[in-house]
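File shown: target-v1.txt (compact mmCIF, C-alpha atoms).
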```txt
# COMPACT_ATOMS: atom_id res chain seq x y z
CA MET A 1 7.28 7.25 26.12
CA LYS A 2 7.46 5.94 29.68
CA ARG A 3 8.59 2.36 30.27
CA SER A 4 5.30 1.52 32.00
CA GLY A 5 3.45 2.77 28.92
CA ILE A 6 5.50 0.53 26.65
CA ILE A 7 4.94 -2.50 28.89
CA PHE A 8 1.21 -1.77 29.11
CA ALA A 9 0.88 -1.39 25.32
CA ALA A 10 2.86 -4.58 24.67
CA GLY A 11 0.85 -6.48 27.28
CA LEU A 12 -2.44 -5.26 25.84
CA LEU A 13 -1.48 -6.47 22.38
CA LEU A 14 -0.21 -9.82 23.66
CA ILE A 15 -3.37 -10.74 25.57
CA THR A 16 -5.49 -10.23 22.47
CA ALA A 17 -3.45 -12.66 20.37
CA SER A 18 -5.14 -15.30 18.26
CA PRO A 19 -4.06 -18.96 17.82
CA ALA A 20 -0.79 -19.50 15.96
CA ARG A 21 -1.14 -20.51 12.33
CA ALA A 22 2.38 -20.15 10.99
CA HIS A 23 5.53 -22.05 11.72
CA LEU A 24 9.11 -21.40 10.84
CA MET A 25 9.83 -22.61 7.33
CA ASN A 26 12.53 -25.18 6.74
CA SER A 27 15.23 -23.64 4.56
CA GLY A 28 17.25 -26.85 4.47
CA PHE A 29 20.33 -25.08 5.78
CA GLY A 30 19.67 -25.42 9.49
CA PRO A 31 17.89 -23.40 12.17
CA PHE A 32 19.96 -20.23 11.86
CA TYR A 33 19.09 -19.91 8.18
CA ASP A 34 15.48 -20.90 8.89
CA GLY A 35 15.38 -17.86 11.15
CA LEU A 36 17.26 -15.69 8.70
CA VAL A 37 14.66 -16.15 5.96
CA HIS A 38 11.68 -16.09 8.31
CA PRO A 39 10.91 -12.33 8.08
CA PHE A 40 11.05 -12.53 4.31
CA VAL A 41 8.50 -15.32 4.03
CA THR A 42 6.16 -13.84 6.65
CA PRO A 43 4.40 -10.97 4.84
CA ILE A 44 3.13 -9.11 7.90
CA ASP A 45 6.51 -9.24 9.62
CA LEU A 46 8.14 -7.96 6.45
CA LEU A 47 5.56 -5.20 6.04
CA VAL A 48 6.06 -4.00 9.62
CA LEU A 49 9.82 -4.27 9.29
CA ILE A 50 9.93 -2.26 6.08
CA ALA A 51 7.59 0.42 7.42
CA LEU A 52 9.62 0.78 10.61
CA ALA A 53 12.90 0.98 8.68
CA LEU A 54 11.43 3.63 6.36
CA LEU A 55 10.24 5.63 9.36
CA ALA A 56 13.62 5.36 11.07
CA GLY A 57 15.41 6.39 7.89
CA LEU A 58 13.14 9.39 7.33
CA ARG A 59 13.83 10.61 10.86
CA GLY A 60 17.57 10.68 10.29
CA PRO A 61 20.78 8.86 11.25
CA ALA A 62 20.27 9.12 15.04
CA CYS A 63 16.82 7.58 14.81
CA GLY A 64 18.07 4.95 12.39
CA ARG A 65 20.78 3.91 14.83
CA SER A 66 18.28 3.74 17.71
CA VAL A 67 15.88 1.51 15.82
CA LEU A 68 18.74 -0.57 14.43
CA PHE A 69 19.56 -1.81 17.92
CA ALA A 70 16.18 -1.41 19.64
CA LEU A 71 14.14 -3.51 17.21
CA PRO A 72 16.27 -6.70 17.07
CA THR A 73 16.88 -6.55 20.82
CA ALA A 74 13.19 -6.15 21.63
CA TRP A 75 12.33 -8.82 19.06
CA LEU A 76 14.78 -11.20 20.73
CA ALA A 77 13.27 -10.43 24.14
CA GLY A 78 9.82 -11.00 22.71
CA MET A 79 10.90 -14.32 21.22
CA ALA A 80 12.20 -15.44 24.60
CA VAL A 81 8.81 -14.62 26.11
CA GLY A 82 7.01 -16.33 23.24
CA ILE A 83 9.06 -19.51 23.55
CA VAL A 84 8.50 -19.78 27.30
CA TRP A 85 4.76 -19.09 27.21
CA THR A 86 4.01 -20.22 23.63
CA ILE A 87 2.47 -16.90 22.61
CA PRO A 88 0.01 -17.26 19.69
CA ALA A 89 0.09 -15.27 16.43
CA VAL A 90 -0.66 -11.55 16.38
CA PRO A 91 -4.36 -11.04 15.58
CA MET A 92 -5.29 -9.61 12.21
CA TRP A 93 -6.79 -6.42 13.63
CA THR A 94 -3.56 -5.70 15.48
CA ASN A 95 -1.64 -6.20 12.24
CA ALA A 96 -4.04 -3.79 10.58
CA ALA A 97 -3.67 -1.19 13.33
CA VAL A 98 0.12 -1.42 13.28
CA ALA A 99 0.20 -1.10 9.49
CA VAL A 100 -2.10 1.95 9.55
CA LEU A 101 -0.11 3.58 12.35
CA LEU A 102 3.31 3.01 10.79
CA GLY A 103 2.04 3.89 7.32
CA LEU A 104 0.60 7.19 8.50
CA LEU A 105 3.74 8.02 10.45
CA VAL A 106 5.82 7.49 7.31
CA ALA A 107 3.36 9.29 5.02
CA THR A 108 3.01 12.36 7.25
CA ASP A 109 6.76 12.54 7.94
CA ARG A 110 6.36 14.52 11.17
CA PRO A 111 9.51 15.29 13.19
CA TRP A 112 9.05 12.67 15.90
CA PRO A 113 11.97 12.47 18.36
CA PRO A 114 14.18 9.38 17.87
CA MET A 115 13.20 8.13 21.33
CA VAL A 116 9.54 7.95 20.36
CA VAL A 117 10.31 5.97 17.22
CA ALA A 118 12.69 3.71 19.19
CA ALA A 119 9.98 3.15 21.83
CA LEU A 120 7.54 2.22 19.07
CA ALA A 121 10.14 -0.20 17.69
CA VAL A 122 10.47 -1.75 21.15
CA VAL A 123 6.71 -2.30 21.50
CA ILE A 124 6.40 -3.73 18.01
CA GLY A 125 9.53 -5.83 18.48
CA ILE A 126 8.22 -7.39 21.69
CA VAL A 127 4.79 -8.14 20.22
CA TYR A 128 5.91 -9.60 16.92
CA GLY A 129 8.94 -11.26 18.53
CA ALA A 130 6.63 -12.98 21.01
CA ALA A 131 4.52 -14.29 18.15
CA ASN A 132 7.68 -15.54 16.42
CA GLY A 133 8.69 -17.18 19.70
CA GLY A 134 5.40 -19.05 19.76
CA GLU A 135 6.25 -20.41 16.31
CA LEU A 136 9.65 -21.55 17.62
CA ALA A 137 8.25 -23.22 20.72
CA ASP A 138 7.97 -26.68 19.16
CA ARG A 139 11.47 -26.70 17.66
CA GLU A 140 14.50 -28.37 19.19
CA VAL A 141 17.05 -25.69 18.25
CA ARG A 142 15.42 -22.40 19.14
CA ALA A 143 18.30 -20.12 19.99
CA ALA A 144 19.96 -20.37 16.58
CA ALA A 145 16.66 -19.72 14.80
CA ALA A 146 15.90 -16.75 17.06
CA PHE A 147 19.38 -15.38 16.46
CA GLY A 148 18.87 -15.81 12.73
CA ILE A 149 15.64 -13.79 12.89
CA ALA A 150 17.36 -11.03 14.88
CA CYS A 151 20.26 -10.92 12.40
CA SER A 152 17.79 -10.66 9.54
CA LEU A 153 16.03 -7.74 11.22
CA PHE A 154 19.33 -5.99 11.96
CA VAL A 155 20.60 -6.25 8.40
CA THR A 156 17.26 -5.22 6.86
CA VAL A 157 16.87 -2.18 9.09
CA ALA A 158 20.52 -1.22 8.54
CA LEU A 159 20.28 -1.40 4.76
CA LEU A 160 16.83 0.13 4.34
CA ALA A 161 17.14 2.91 6.92
CA ALA A 162 20.62 3.83 5.64
CA PHE A 163 19.26 3.92 2.10
CA VAL A 164 16.45 6.28 3.13
CA VAL A 165 18.86 8.47 5.12
CA SER A 166 21.04 8.78 2.03
CA LEU A 167 18.16 10.09 -0.11
CA LYS A 168 18.69 13.78 -0.83
CA PRO A 169 16.38 14.89 -3.70
CA ASP A 170 12.93 15.92 -2.52
CA TRP A 171 11.13 13.53 -4.82
CA THR A 172 12.94 10.52 -3.37
CA ARG A 173 11.74 11.35 0.13
CA LEU A 174 8.27 11.86 -1.30
CA ALA A 175 8.49 8.40 -2.86
CA VAL A 176 9.21 6.99 0.59
CA ARG A 177 6.18 8.83 1.97
CA VAL A 178 4.04 7.46 -0.84
CA ALA A 179 5.24 3.97 0.13
CA GLY A 180 4.09 4.79 3.66
CA SER A 181 0.64 5.68 2.37
CA TRP A 182 0.53 2.30 0.63
CA VAL A 183 1.29 0.58 3.94
CA ALA A 184 -1.54 2.55 5.57
CA ALA A 185 -3.87 1.56 2.73
CA ILE A 186 -2.94 -2.10 3.20
CA GLY A 187 -3.74 -1.72 6.90
CA LEU A 188 -7.16 -0.24 6.15
CA LEU A 189 -7.98 -3.12 3.84
CA LEU A 190 -6.86 -5.54 6.53
CA PHE A 191 -9.35 -3.95 8.91
CA GLY A 192 -12.04 -4.72 6.36
CA TRP A 193 -10.87 -8.32 6.14
CA THR A 194 -11.11 -8.73 9.92
CA MET A 195 -14.74 -7.60 9.83
CA ARG A 196 -15.72 -9.54 6.73
CA MET B 1 5.01 19.74 -40.01
CA ALA B 2 5.54 19.08 -36.33
CA SER B 3 1.95 20.03 -35.66
CA ALA B 4 0.71 17.59 -38.29
CA ARG B 5 2.83 14.83 -36.78
CA SER B 6 1.45 15.60 -33.29
CA THR B 7 -2.04 15.37 -34.65
CA GLN B 8 -1.20 12.01 -36.19
CA TYR B 9 0.10 10.76 -32.85
CA VAL B 10 -3.05 11.94 -31.08
CA MET B 11 -5.25 10.28 -33.69
CA ALA B 12 -3.25 7.07 -33.34
CA CYS B 13 -3.73 7.18 -29.56
CA ILE B 14 -7.47 7.68 -29.94
CA ALA B 15 -7.69 4.84 -32.47
CA LEU B 16 -5.73 2.54 -30.17
CA THR B 17 -8.00 3.37 -27.25
CA LEU B 18 -11.14 2.81 -29.29
CA ALA B 19 -9.76 -0.51 -30.52
CA TRP B 20 -9.23 -1.65 -26.95
CA PRO B 21 -10.55 -5.20 -26.57
CA ALA B 22 -13.60 -6.39 -24.67
CA VAL B 23 -15.06 -4.08 -22.08
CA VAL B 24 -14.43 -5.46 -18.63
CA PHE B 25 -15.77 -4.27 -15.33
CA GLY B 26 -13.50 -4.94 -12.37
CA HIS B 27 -14.50 -8.42 -11.29
CA VAL B 28 -12.22 -11.07 -9.91
CA GLN B 29 -11.05 -13.64 -12.44
CA THR B 30 -12.64 -16.98 -11.69
CA GLY B 31 -10.09 -19.52 -10.61
CA SER B 32 -7.24 -17.05 -10.43
CA ALA B 33 -4.67 -17.64 -7.75
CA SER B 34 -5.54 -16.28 -4.37
CA GLY B 35 -3.42 -13.83 -2.52
CA ILE B 36 -0.94 -11.48 -4.04
CA ALA B 37 -1.53 -12.53 -7.67
CA SER B 38 -5.25 -11.95 -7.27
CA GLY B 39 -4.61 -8.60 -5.61
CA LEU B 40 -2.20 -7.52 -8.32
CA SER B 41 -4.55 -8.51 -11.12
CA HIS B 42 -7.76 -7.08 -9.67
CA PRO B 43 -7.12 -3.35 -10.27
CA VAL B 44 -5.98 -4.03 -13.83
CA SER B 45 -8.83 -6.40 -14.65
CA GLY B 46 -11.31 -3.64 -15.43
CA LEU B 47 -10.80 -0.86 -17.97
CA ASP B 48 -13.09 1.44 -15.99
CA HIS B 49 -10.75 1.25 -13.01
CA ILE B 50 -7.63 1.54 -15.15
CA LEU B 51 -8.88 4.69 -16.87
CA ALA B 52 -9.68 6.44 -13.62
CA MET B 53 -6.45 5.50 -11.90
CA ILE B 54 -4.27 6.53 -14.80
CA ALA B 55 -6.28 9.75 -15.09
CA VAL B 56 -5.41 10.54 -11.47
CA GLY B 57 -1.73 10.27 -12.38
CA LEU B 58 -2.20 12.37 -15.51
CA TRP B 59 -4.02 15.09 -13.62
CA GLY B 60 -1.42 15.08 -10.88
CA ALA B 61 1.33 15.49 -13.48
CA GLN B 62 -0.55 18.40 -15.06
CA LEU B 63 -1.07 20.10 -11.70
CA GLY B 64 2.60 19.68 -10.74
CA LYS B 65 3.98 19.71 -7.21
CA PRO B 66 2.64 18.95 -4.67
CA ALA B 67 -0.47 17.52 -6.37
CA VAL B 68 1.65 15.07 -8.34
CA TRP B 69 2.20 13.10 -5.14
CA VAL B 70 -0.77 14.22 -3.02
CA LEU B 71 -3.36 12.82 -5.44
CA PRO B 72 -1.72 9.39 -5.83
CA VAL B 73 -1.47 9.23 -2.03
CA ALA B 74 -5.07 10.29 -1.47
CA PHE B 75 -6.52 7.85 -3.98
CA PRO B 76 -5.12 4.53 -2.66
CA VAL B 77 -5.71 5.45 0.99
CA VAL B 78 -9.32 6.51 0.46
CA MET B 79 -9.87 3.65 -1.96
CA ALA B 80 -8.69 1.29 0.77
CA LEU B 81 -11.24 2.95 3.03
CA GLY B 82 -13.91 2.21 0.43
CA GLY B 83 -12.59 -1.33 0.14
CA MET B 84 -12.87 -1.67 3.90
CA LEU B 85 -16.52 -0.57 3.76
CA GLY B 86 -17.16 -3.08 0.96
CA LEU B 87 -15.52 -5.88 2.92
CA MET B 88 -17.57 -4.96 5.98
CA GLY B 89 -20.74 -5.24 3.90
CA VAL B 90 -21.65 -1.55 4.11
CA ASP B 91 -23.83 -0.76 1.09
CA LEU B 92 -23.17 2.30 -1.06
CA PRO B 93 -25.59 3.40 -3.79
CA ALA B 94 -24.77 3.60 -7.50
CA ILE B 95 -21.27 2.17 -7.33
CA GLU B 96 -20.89 1.50 -11.07
CA ILE B 97 -22.32 4.94 -11.88
CA GLY B 98 -19.84 6.53 -9.50
CA ILE B 99 -16.96 4.66 -11.15
CA ALA B 100 -18.09 5.75 -14.61
CA LEU B 101 -18.53 9.34 -13.41
CA SER B 102 -15.02 9.27 -11.98
CA ALA B 103 -13.62 8.59 -15.45
CA ILE B 104 -15.78 11.35 -16.93
CA VAL B 105 -14.88 13.98 -14.32
CA LEU B 106 -11.19 13.11 -14.19
CA GLY B 107 -11.06 12.89 -17.98
CA ILE B 108 -12.62 16.34 -18.30
CA ALA B 109 -10.23 17.71 -15.68
CA VAL B 110 -7.26 16.45 -17.71
CA PHE B 111 -8.80 17.58 -21.00
CA VAL B 112 -9.41 21.17 -19.87
CA GLU B 113 -6.23 21.20 -17.72
CA ALA B 114 -8.31 22.18 -14.71
CA LYS B 115 -6.19 23.68 -11.95
CA PRO B 116 -8.34 23.91 -8.82
CA ALA B 117 -6.95 24.41 -5.34
CA LEU B 118 -5.06 21.37 -4.11
CA TRP B 119 -7.63 20.48 -1.48
CA ILE B 120 -10.45 20.58 -4.03
CA ALA B 121 -8.54 18.25 -6.37
CA ALA B 122 -7.78 15.93 -3.45
CA VAL B 123 -11.44 15.88 -2.36
CA ILE B 124 -12.60 15.09 -5.93
CA VAL B 125 -10.11 12.26 -6.24
CA ALA B 126 -10.86 10.93 -2.76
CA PHE B 127 -14.62 11.05 -3.36
CA PHE B 128 -14.41 8.85 -6.43
CA ALA B 129 -11.80 6.59 -4.86
CA VAL B 130 -14.45 5.39 -2.40
CA PHE B 131 -16.53 3.96 -5.27
CA HIS B 132 -13.57 2.15 -6.79
CA GLY B 133 -12.51 0.76 -3.43
CA HIS B 134 -16.02 -0.35 -2.52
CA ALA B 135 -16.40 -2.18 -5.84
CA HIS B 136 -13.15 -4.02 -5.25
CA GLY B 137 -14.06 -4.76 -1.65
CA THR B 138 -17.37 -6.39 -2.49
CA GLU B 139 -16.02 -8.50 -5.36
CA LEU B 140 -13.36 -10.43 -3.49
CA PRO B 141 -13.38 -14.22 -3.62
CA GLU B 142 -13.76 -16.28 -0.48
CA GLY B 143 -10.65 -17.94 0.84
CA THR B 144 -8.23 -15.34 -0.46
CA ASN B 145 -5.32 -14.45 1.80
CA GLY B 146 -6.38 -11.01 3.01
CA LEU B 147 -2.95 -9.61 3.69
CA LEU B 148 -1.35 -10.77 0.46
CA TYR B 149 -4.39 -9.67 -1.53
CA SER B 150 -4.24 -6.22 0.07
CA ILE B 151 -0.53 -5.86 -0.63
CA GLY B 152 -0.95 -6.82 -4.28
CA PHE B 153 -4.03 -4.65 -4.67
CA VAL B 154 -2.42 -1.50 -3.28
CA ILE B 155 0.81 -2.01 -5.21
CA ALA B 156 -1.06 -2.48 -8.50
CA THR B 157 -3.16 0.62 -7.85
CA GLY B 158 -0.09 2.68 -7.02
CA LEU B 159 1.72 1.46 -10.12
CA LEU B 160 -1.24 2.47 -12.28
CA HIS B 161 -0.96 5.98 -10.86
CA GLY B 162 2.75 5.76 -11.64
CA VAL B 163 1.95 4.95 -15.26
CA GLY B 164 -0.26 8.03 -15.41
CA ILE B 165 2.40 10.22 -13.82
CA ALA B 166 5.11 8.85 -16.12
CA PHE B 167 2.94 9.54 -19.16
CA GLY B 168 2.08 12.92 -17.69
CA LEU B 169 5.73 13.95 -17.77
CA VAL B 170 5.24 14.79 -21.46
CA HIS B 171 3.33 17.81 -20.17
CA GLN B 172 6.57 19.83 -20.29
CA TRP B 173 6.49 19.84 -24.10
CA PRO B 174 3.86 21.64 -26.20
CA ALA B 175 3.03 18.47 -28.14
CA GLY B 176 2.93 16.58 -24.87
CA LYS B 177 0.30 18.94 -23.50
CA VAL B 178 -1.86 18.19 -26.51
CA ALA B 179 -1.29 14.45 -26.05
CA LEU B 180 -2.28 14.69 -22.39
CA ARG B 181 -5.45 16.57 -23.21
CA ALA B 182 -6.23 13.96 -25.84
CA ALA B 183 -5.69 11.25 -23.24
CA GLY B 184 -8.09 13.12 -20.96
CA ALA B 185 -10.65 13.15 -23.75
CA CYS B 186 -10.18 9.41 -24.25
CA VAL B 187 -10.71 8.80 -20.54
CA CYS B 188 -13.86 10.92 -20.62
CA ILE B 189 -15.21 9.05 -23.66
CA GLY B 190 -14.50 5.78 -21.90
CA GLY B 191 -16.35 7.07 -18.85
CA VAL B 192 -19.40 7.98 -20.93
CA TYR B 193 -19.37 4.46 -22.39
CA PHE B 194 -19.24 2.90 -18.94
CA LEU B 195 -21.94 5.25 -17.68
CA TYR B 196 -24.15 4.09 -20.52
CA GLY B 197 -23.43 0.51 -19.55
CA ALA B 198 -24.18 1.20 -15.90
CA LEU B 199 -27.49 2.93 -16.66
CA ALA B 200 -28.67 0.54 -19.37
```
What is this structure when it is put down as structure tokens?
Amino acid sequence: MKRSGIIFAAGLLLITASPARAHLMNSGFGPFYDGLVHPFVTPIDLLVLIALALLAGLRGPACGRSVLFALPTAWLAGMAVGIVWTIPAVPMWTNAAVAVLLGLLVATDRPWPPMVVAALAVVIGIVYGAANGGELADREVRAAAAFGIACSLFVTVALLAAFVVSLKPDWTRLAVRVAGSWVAAIGLLLFGWTMR
Amino acid sequence: MASARSTQYVMACIALTLAWPAVVFGHVQTGSASGIASGLSHPVSGLDHILAMIAVGLWGAQLGKPAVWVLPVAFPVVMALGGMLGLMGVDLPAIEIGIALSAIVLGIAVFVEAKPALWIAAVIVAFFAVFHGHAHGTELPEGTNGLLYSIGFVIATGLLHGVGIAFGLVHQWPAGKVALRAAGACVCIGGVYFLYGALA
């Protein structure tokens, strides 16, 4: 995917954002740990993260390595943007569209080149990172929290993608694809919720 | 001797199914926690839904690869589509009848060990999944967290298919085949009961 295409897609998603409703939770251990747990207490971030890691793992070690570095880096860049301009939360319909897209990509298991998956990770990282940045905007110690979030993403993608790469029996890969179909189903239901 | 024991097991299964407590259609529990707990509990709150979803797993196990994973993929995705229509307020006719018919058709398919082409099985499953999804979509409480509800709902549905598939693994043994067909008959009987309730 061309760089201009990525920037256009990320920009399009950012300008449709809705007002922020979530803030970083207080873990009691300081801003770094607040950031570290953030993806695990933010269901949509976790859903997107898991789906992306499954996709990267299914596409093999090269793709896994690309996403491993592309996603946290893009997320960090997005957070920087979000902190500066106080970007609001990602709208529900965008969450739904991302879930359907990632879910279908995992479920269909087509041989997408690693660069395409990495480019997708960059777009998603910028968009969701920007929304996270908006949540950090009112905090005094932002850098440590942002670094905590990026570390959390890195470790999660590393563990999950490596686990999927290591799966050899056919049925285990099918189980991953079934999980992808569940993500797509969740996305479809979310679409319904946005139009309720 | 073994045959007599198998028959006893089948009879015990039928008796257990008939003794199942109060008939419940899939409606949200009043006052239940919103979000993921509500989503997890909704698919298992109605026997009509449970029967159909487990039957999908049973049929998939009977059909073998690749149906064993295609059907449980088709059902949640298309059911979510039905749920989306329900949430959007799109009316579908005869929802409860469709749900009851799904149990009857899927039960018969398991009972007779029907082995249609994969696409036909997928279309049958997907067709009925719309009714189940729509029923769930229109019965959701206000104020529920949409994302968490959806996650819980899809996971519970998938796990019900998993129960069916796990039970369907007995298909590799002769006695297991009989047990599966008996389970199909039970599902069909349950479907007839729900159809009666829907038409009455």
Handout entry: Between atom CA of B:Ile165 and atom CA of B:Ala135 - distance in Å to one decimal
Key = 23.9 Å
Exercise for the section: Within 8 Å of chain A, which residues of chain B are there when counting only C-alpha atoms? Please give them as a ChimeraX atom specification. Expected result: /B:69,72-73,76-81,83-89,146-148,150-151,154-155,158
Using all atoms listed in the file, which residues sit within 9 Å of B:Gly191 once same-chain residues fewer than 4 positions away are excluded, as a CSV table (one decimal) with C-alpha atoms, keeping the file's coordinate frame?
```csv
chain,number,residue,atom,x,y,z
B,48,ASP,CA,-13.1,1.4,-16.0
B,51,LEU,CA,-8.9,4.7,-16.9
B,52,ALA,CA,-9.7,6.4,-13.6
B,99,ILE,CA,-17.0,4.7,-11.2
B,100,ALA,CA,-18.1,5.8,-14.6
B,101,LEU,CA,-18.5,9.3,-13.4
B,102,SER,CA,-15.0,9.3,-12.0
B,103,ALA,CA,-13.6,8.6,-15.4
B,104,ILE,CA,-15.8,11.4,-16.9
B,105,VAL,CA,-14.9,14.0,-14.3
B,107,GLY,CA,-11.1,12.9,-18.0
B,186,CYS,CA,-10.2,9.4,-24.2
B,187,VAL,CA,-10.7,8.8,-20.5
B,195,LEU,CA,-21.9,5.2,-17.7
B,196,TYR,CA,-24.2,4.1,-20.5
```
Exercise for the section: Determine, counting all atoms listed in the file, which protein, DNA and RNA residues have an atom within 8 Å of an atom of A:Val37; residues of the same chain fewer than 2 positions away are not included. Present the result as an MDAnalysis selection string. Expected result: chainID A and resid 27 33:35 39:41 148:149 152
Using only C-alpha atoms, please write the residues we just selected to a file, as a CSV table (one decimal), in the coordinates of the input.
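To be explicit, this is the file written out as selection29.csv:
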```csv
chain,number,residue,atom,x,y,z
A,27,SER,CA,15.2,-23.6,4.6
A,33,TYR,CA,19.1,-19.9,8.2
A,34,ASP,CA,15.5,-20.9,8.9
A,35,GLY,CA,15.4,-17.9,11.2
A,39,PRO,CA,10.9,-12.3,8.1
A,40,PHE,CA,11.0,-12.5,4.3
A,41,VAL,CA,8.5,-15.3,4.0
A,148,GLY,CA,18.9,-15.8,12.7
A,149,ILE,CA,15.6,-13.8,12.9
A,152,SER,CA,17.8,-10.7,9.5
```
Grab all the atoms of stretch 112-121 of chain A that the file lists, wrap them in a box along x, y and z, add 8 Å per side, and give me centre plus edge lengths in Å (one decimal) as lines of an AutoDock Vina configuration file.
```
center_x = 10.9
center_y = 6.2
center_z = 18.9
size_x = 22.6
size_y = 28.9
size_z = 21.9
```
Exercise for the section: Please determine the residues with any atom at most 8 Å from (0.5, 12.6, -16.8) (coordinates as given in the file, with only C-alpha atoms counting) and report them as a ChimeraX atom specification. Expected result: /B:54-55,57-62,163-171,180
Problem - d(atom CA of A:Phe32, atom CA of A:Phe147) in Å - result: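 Answer for the atom CA of A:Phe32 to atom CA of A:Phe147 separation: 6.7 Å.
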Can you save stretch 146-159 of chain A of the given block to a file, including N, CA and C atoms and formatted as a short mmCIF file (atom, residue, chain, number, x, y, z; two decimals), in the first residue's frame?
```
data_model
loop_
_atom_site.label_atom_id
_atom_site.label_comp_id
_atom_site.auth_asym_id
_atom_site.auth_seq_id
_atom_site.Cartn_x
_atom_site.Cartn_y
_atom_site.Cartn_z
N ALA A 146 2.34 6.32 27.71
CA ALA A 146 2.37 5.96 26.29
C ALA A 146 3.37 4.83 26.06
N PHE A 147 4.51 4.91 26.72
CA PHE A 147 5.52 3.86 26.58
C PHE A 147 4.98 2.55 27.14
N GLY A 148 4.25 2.63 28.23
CA GLY A 148 3.64 1.42 28.81
C GLY A 148 2.67 0.77 27.83
N ILE A 149 1.85 1.59 27.17
CA ILE A 149 0.91 1.05 26.18
C ILE A 149 1.67 0.36 25.05
N ALA A 150 2.71 1.02 24.56
CA ALA A 150 3.49 0.46 23.44
C ALA A 150 4.15 -0.86 23.85
N CYS A 151 4.67 -0.91 25.07
CA CYS A 151 5.29 -2.15 25.57
C CYS A 151 4.26 -3.27 25.64
N SER A 152 3.07 -2.92 26.10
CA SER A 152 2.00 -3.90 26.21
C SER A 152 1.65 -4.47 24.83
N LEU A 153 1.56 -3.59 23.85
CA LEU A 153 1.25 -4.02 22.48
C LEU A 153 2.36 -4.94 21.96
N PHE A 154 3.61 -4.53 22.19
CA PHE A 154 4.75 -5.29 21.69
C PHE A 154 4.74 -6.71 22.25
N VAL A 155 4.57 -6.80 23.56
CA VAL A 155 4.61 -8.12 24.21
C VAL A 155 3.43 -8.98 23.75
N THR A 156 2.25 -8.37 23.66
CA THR A 156 1.06 -9.14 23.26
C THR A 156 1.20 -9.67 21.84
N VAL A 157 1.63 -8.80 20.94
CA VAL A 157 1.80 -9.25 19.55
C VAL A 157 2.89 -10.31 19.48
N ALA A 158 3.98 -10.11 20.21
CA ALA A 158 5.08 -11.08 20.18
C ALA A 158 4.60 -12.46 20.64
N LEU A 159 3.91 -12.49 21.76
CA LEU A 159 3.48 -13.78 22.32
C LEU A 159 2.42 -14.44 21.45
#
```
